[in-house]
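This is structure-v7.cif (mmCIF, C-alpha atoms).
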data_data
#
loop_
_atom_site.label_atom_id
_atom_site.label_comp_id
_atom_site.auth_asym_id
_atom_site.auth_seq_id
_atom_site.Cartn_x
_atom_site.Cartn_y
_atom_site.Cartn_z
CA MET A 1 18.53 21.02 3.24
CA HIS A 2 21.16 18.34 2.74
CA PHE A 3 20.93 16.59 6.12
CA PHE A 4 20.44 12.88 5.53
CA SER A 5 20.37 9.95 7.96
CA ALA A 6 19.36 6.56 6.61
CA PRO A 7 19.60 4.85 10.06
CA ASN A 8 17.00 7.34 11.34
CA ASN A 9 14.82 7.05 8.22
CA TYR A 10 15.42 10.73 7.43
CA PHE A 11 15.93 11.31 3.74
CA GLY A 12 16.61 15.04 3.80
CA GLY A 13 15.42 17.77 1.49
CA ASN A 14 16.15 18.61 -2.11
CA GLY A 15 17.64 21.61 -3.87
CA ILE A 16 15.02 21.44 -6.63
CA VAL A 17 11.72 23.00 -5.55
CA GLY A 18 9.12 20.28 -5.12
CA ALA A 19 11.45 17.41 -6.05
CA GLN A 20 10.94 15.78 -2.66
CA ILE A 21 7.28 15.11 -3.51
CA PRO A 22 7.93 12.33 -6.08
CA ILE A 23 10.93 11.12 -4.04
CA GLY A 24 8.72 10.71 -0.97
CA THR A 25 6.11 8.94 -3.09
CA GLY A 26 8.81 6.53 -4.28
CA ILE A 27 9.91 5.83 -0.72
CA ALA A 28 6.29 5.05 0.15
CA PHE A 29 6.14 2.67 -2.81
CA ALA A 30 9.24 0.89 -1.48
CA GLU A 31 7.65 0.51 1.96
CA LYS A 32 4.51 -0.98 0.46
CA TYR A 33 6.56 -3.29 -1.75
CA ARG A 34 8.45 -4.54 1.30
CA GLY A 35 5.26 -5.04 3.26
CA THR A 36 6.25 -2.84 6.20
CA ASP A 37 3.97 -0.83 8.47
CA ASN A 38 5.95 2.32 7.76
CA LEU A 39 4.64 5.45 6.10
CA CYS A 40 6.58 8.25 4.45
CA VAL A 41 5.95 11.81 5.61
CA THR A 42 6.58 14.04 2.60
CA MET A 43 6.73 17.74 3.42
CA PHE A 44 6.88 20.75 1.10
CA GLY A 45 6.00 24.43 1.08
CA ASP A 46 3.18 26.37 -0.51
CA GLY A 47 5.50 27.42 -3.35
CA ALA A 48 6.36 23.81 -4.15
CA ALA A 49 2.64 23.02 -4.38
CA ARG A 50 2.74 24.73 -7.79
CA GLN A 51 4.97 22.03 -9.29
CA VAL A 52 3.57 19.54 -11.78
CA ALA A 53 5.33 16.75 -9.86
CA LEU A 54 2.74 17.16 -7.10
CA HIS A 55 -0.10 16.12 -9.41
CA GLU A 56 1.81 13.19 -10.86
CA SER A 57 2.66 12.02 -7.34
CA PHE A 58 -0.87 12.47 -6.01
CA ASN A 59 -2.27 10.46 -8.91
CA MET A 60 0.24 7.64 -8.47
CA ALA A 61 -0.15 7.56 -4.69
CA MET A 62 -3.94 7.26 -4.86
CA THR A 63 -3.93 4.78 -7.74
CA TRP A 64 -1.59 2.44 -5.87
CA ARG A 65 -2.82 3.32 -2.36
CA LEU A 66 0.69 4.18 -1.22
CA PRO A 67 1.47 4.77 2.48
CA VAL A 68 2.42 8.43 2.17
CA LEU A 69 1.41 11.46 4.22
CA PHE A 70 1.72 14.60 2.13
CA ILE A 71 2.09 17.80 4.17
CA VAL A 72 2.20 21.30 2.71
CA GLU A 73 3.53 23.88 5.17
CA ASN A 74 1.59 26.91 4.05
CA ASN A 75 3.14 30.08 5.46
CA GLY A 76 1.37 32.17 2.84
CA TYR A 77 4.35 33.56 0.97
CA ALA A 78 6.60 30.81 -0.45
CA MET A 79 9.90 32.60 -1.20
CA GLY A 80 8.19 35.97 -1.13
CA THR A 81 5.05 35.85 -3.28
CA SER A 82 1.69 35.31 -1.64
CA VAL A 83 -0.49 32.31 -2.40
CA GLN A 84 -3.22 34.68 -3.59
CA ARG A 85 -0.95 35.93 -6.38
CA THR A 86 0.09 32.49 -7.60
CA SER A 87 -2.96 30.26 -7.33
CA ASN A 88 -6.69 30.26 -7.98
CA ILE A 89 -6.89 27.69 -5.17
CA THR A 90 -5.89 29.38 -1.93
CA ASP A 91 -7.14 26.55 0.29
CA LEU A 92 -4.30 24.28 -0.76
CA PHE A 93 -5.74 21.14 0.86
CA LYS A 94 -8.43 21.19 -1.84
CA LEU A 95 -5.80 20.13 -4.40
CA GLY A 96 -6.18 16.61 -2.99
CA TYR A 97 -9.89 16.55 -3.85
CA ALA A 98 -9.09 16.10 -7.56
CA TYR A 99 -7.71 12.66 -6.69
CA ASP A 100 -10.29 11.72 -4.04
CA MET A 101 -7.49 11.94 -1.49
CA PRO A 102 -8.58 12.62 2.12
CA SER A 103 -7.44 16.20 2.69
CA GLU A 104 -7.87 18.86 5.35
CA ALA A 105 -6.46 22.09 6.74
CA VAL A 106 -4.75 22.23 10.14
CA ASP A 107 -3.95 25.13 12.44
CA GLY A 108 -0.17 24.94 12.38
CA MET A 109 0.11 27.41 15.25
CA SER A 110 -1.45 24.81 17.57
CA PRO A 111 0.82 21.83 18.42
CA GLU A 112 -2.19 19.93 19.74
CA SER A 113 -4.08 20.35 16.46
CA VAL A 114 -1.06 19.21 14.45
CA HIS A 115 -0.60 16.15 16.70
CA GLU A 116 -4.24 15.12 16.39
CA ALA A 117 -4.35 15.63 12.62
CA ILE A 118 -1.17 13.65 11.97
CA SER A 119 -2.29 10.84 14.29
CA LYS A 120 -5.59 10.62 12.42
CA ALA A 121 -3.87 10.65 9.03
CA ALA A 122 -1.32 8.01 10.10
CA ALA A 123 -4.07 5.67 11.29
CA HIS A 124 -5.85 6.07 7.95
CA ILE A 125 -2.69 5.34 6.00
CA ARG A 126 -1.66 2.33 8.09
CA SER A 127 -5.14 0.84 7.61
CA GLY A 128 -4.19 0.35 3.97
CA ALA A 129 -6.58 3.02 2.72
CA GLY A 130 -3.86 5.00 0.95
CA PRO A 131 -2.40 8.49 1.23
CA TYR A 132 -3.53 11.55 3.14
CA PHE A 133 -2.95 15.26 2.54
CA LEU A 134 -2.65 17.93 5.23
CA GLU A 135 -2.31 21.66 4.72
CA ILE A 136 -0.62 22.92 7.87
CA ARG A 137 -1.20 26.66 8.05
CA THR A 138 1.71 28.32 9.76
CA TYR A 139 3.81 31.48 9.50
CA ARG A 140 7.38 32.58 8.86
CA TYR A 141 8.50 35.48 11.03
CA LYS A 142 11.61 36.35 9.04
CA GLY A 143 12.29 36.63 5.34
CA HIS A 144 12.95 33.57 3.20
CA SER A 145 16.70 34.23 3.42
CA VAL A 146 19.11 36.86 4.74
CA SER A 147 18.62 38.77 1.49
CA ASP A 148 14.83 38.93 1.93
CA PRO A 149 13.63 42.02 3.89
CA ALA A 150 10.04 40.66 3.75
CA LYS A 151 8.55 44.00 2.70
CA TYR A 152 5.61 42.22 1.07
CA ARG A 153 3.69 42.10 4.37
CA THR A 154 2.81 44.52 7.12
CA LYS A 155 4.32 44.76 10.59
CA GLU A 156 0.82 44.38 12.00
CA GLU A 157 0.39 41.05 10.24
CA VAL A 158 3.70 39.73 11.58
CA GLN A 159 2.82 40.89 15.10
CA SER A 160 -0.54 39.15 14.98
CA TYR A 161 1.23 35.84 14.35
CA GLN A 162 3.97 36.49 16.90
CA ASP A 163 1.26 36.65 19.54
CA ARG A 164 0.34 33.08 18.54
CA ASP A 165 3.90 31.74 18.38
CA PRO A 166 3.62 28.02 19.31
CA LEU A 167 6.80 28.19 21.38
CA LYS A 168 5.30 31.00 23.43
CA THR A 169 1.80 29.56 23.80
CA THR A 170 3.10 26.05 24.57
CA GLU A 171 5.36 27.36 27.31
CA GLU A 172 2.45 29.29 28.78
CA LYS A 173 0.27 26.17 28.73
CA ILE A 174 2.97 24.03 30.38
CA LEU A 175 3.22 26.56 33.20
CA GLU A 176 -0.56 26.91 33.48
CA LEU A 177 -1.05 23.14 33.78
CA GLY A 178 1.84 22.75 36.18
CA MET A 179 3.68 20.33 33.90
CA ALA A 180 6.97 22.09 34.64
CA SER A 181 8.19 25.09 36.60
CA ALA A 182 9.69 28.24 35.14
CA GLU A 183 13.07 27.12 36.49
CA GLU A 184 12.80 23.73 34.76
CA ILE A 185 11.88 25.37 31.47
CA GLN A 186 14.81 27.75 31.77
CA ALA A 187 17.12 24.80 32.42
CA ILE A 188 15.86 23.13 29.22
CA LYS A 189 16.52 26.33 27.26
CA GLU A 190 20.02 26.52 28.70
CA ARG A 191 20.78 22.92 27.71
CA ILE A 192 19.60 23.65 24.18
CA ARG A 193 21.69 26.83 24.03
CA MET A 194 24.79 24.96 25.15
CA GLU A 195 24.20 22.16 22.64
CA ILE A 196 23.95 24.72 19.83
CA GLU A 197 27.08 26.55 20.99
CA ASP A 198 29.03 23.30 21.24
CA SER A 199 27.92 22.32 17.74
CA VAL A 200 28.98 25.69 16.30
CA GLN A 201 32.37 25.51 18.01
CA PHE A 202 32.89 21.95 16.74
CA ALA A 203 32.05 23.02 13.18
CA GLU A 204 34.28 26.10 13.25
CA ALA A 205 37.19 24.19 14.76
CA SER A 206 36.94 21.28 12.32
CA PRO A 207 39.33 21.24 9.34
CA TYR A 208 38.00 21.48 5.81
CA PRO A 209 37.73 18.08 4.10
CA PRO A 210 40.24 17.30 1.33
CA ALA A 211 39.19 18.12 -2.22
CA SER A 212 39.05 14.41 -3.03
CA GLU A 213 35.94 14.13 -0.85
CA LEU A 214 34.01 15.81 -3.67
CA TYR A 215 33.88 12.42 -5.35
CA THR A 216 33.08 10.28 -2.33
CA ASP A 217 29.82 8.36 -2.90
CA ASN A 218 29.40 10.11 -6.25
CA TYR A 219 31.83 8.61 -8.74
CA THR A 220 34.42 5.84 -8.88
CA GLN A 221 37.83 6.10 -10.45
CA GLU A 222 36.95 3.10 -12.60
CA ASP A 223 34.07 5.05 -14.13
CA TYR A 224 36.08 8.24 -14.42
CA PRO A 225 39.78 7.32 -14.79
CA PHE A 226 40.74 10.97 -15.32
CA ILE A 227 39.90 11.73 -11.67
CA ARG A 228 42.96 11.75 -9.47
CA ASP A 229 43.24 11.75 -5.67
#
Kindly transcribe the structure held in the file into structure tokens.
Amino acid sequence: MHFFSAPNNYFGGNGIVGAQIPIGTGIAFAEKYRGTDNLCVTMFGDGAARQVALHESFNMAMTWRLPVLFIVENNGYAMGTSVQRTSNITDLFKLGYAYDMPSEAVDGMSPESVHEAISKAAAHIRSGAGPYFLEIRTYRYKGHSVSDPAKYRTKEEVQSYQDRDPLKTTEEKILELGMASAEEIQAIKERIRMEIEDSVQFAEASPYPPASELYTDNYTQEDYPFIRD
């Protein structure tokens, strides 16, 4: 949630549900103000689509034709409550219609469909026509957190989505089209596994930062003279 990399134009997430929606809209405003060809991809979940900030952001983005691609990742359950129980509008892409924003649903279990939809939306935005809204319909196989047993859905439902797992279907397609061999795919998986293991070992072996780091990039001693190193 708190990963952030300005050199890579990645502005992270936000601990407040839906707060990234107006932040992403502001970033898009900055890009338009600077006259760049960049667009800001602003992603949020189906639960965050309930926040008032979404409507304020949609209105501002359309009024000023901001270069922002709004994406709602709709896995159907937010933190554990289904869309059907929280909204009269279950086709979330229709929320964009109130602002005359181009909006559509995308099969999030198909990488090809996602690629084509985002390419289309990006071209629209970069033409100067303003924002675009995509509802990417996907699924979450586990609970929202380790404390969520996900008992609000059936095993049959989960299994039906596991059969369509994009990782599984993409690997099958790569093999079918001869784009890579089973051995090459396994080698890729092994490299990824090793990278993850190395990262975990690095994190566990690293010392804790000093307590003074709590104030780095947050406050200055001039502003808060009572803070001591």
I'd like to see the residues matched by the PyMOL selection byres ((chain A and resi 150-160) around 12) on this file, and ideally I'd get them as an NGL selection string. :A and (75-82 or 85 or 109 or 138-149 or 161-165)
Restricting the calculation to only C-alpha atoms, which member of A:Ala211, A:Ala122, A:Leu69, A:Val106 is positioned closest to Thr25 in chain A?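 Distance minimum relative to Thr25 in chain A lands on A:Leu69.
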Take CA of Leu39 in chain A and CA of Arg126 in chain A and report the distance between them in Å, one decimal.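 Pair CA of Leu39 in chain A / CA of Arg126 in chain A returns 7.3 Å.
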Counting only C-alpha atoms, figure out which residue out of A:Arg193, A:Arg137, A:Lys32, A:Lys120 gets nearest to Phe93 in chain A. A:Arg137
Atomic distance CA of Leu92 in chain A - CA of Ser127 in chain A, expressed in Å with one decimal: 24.9 Å
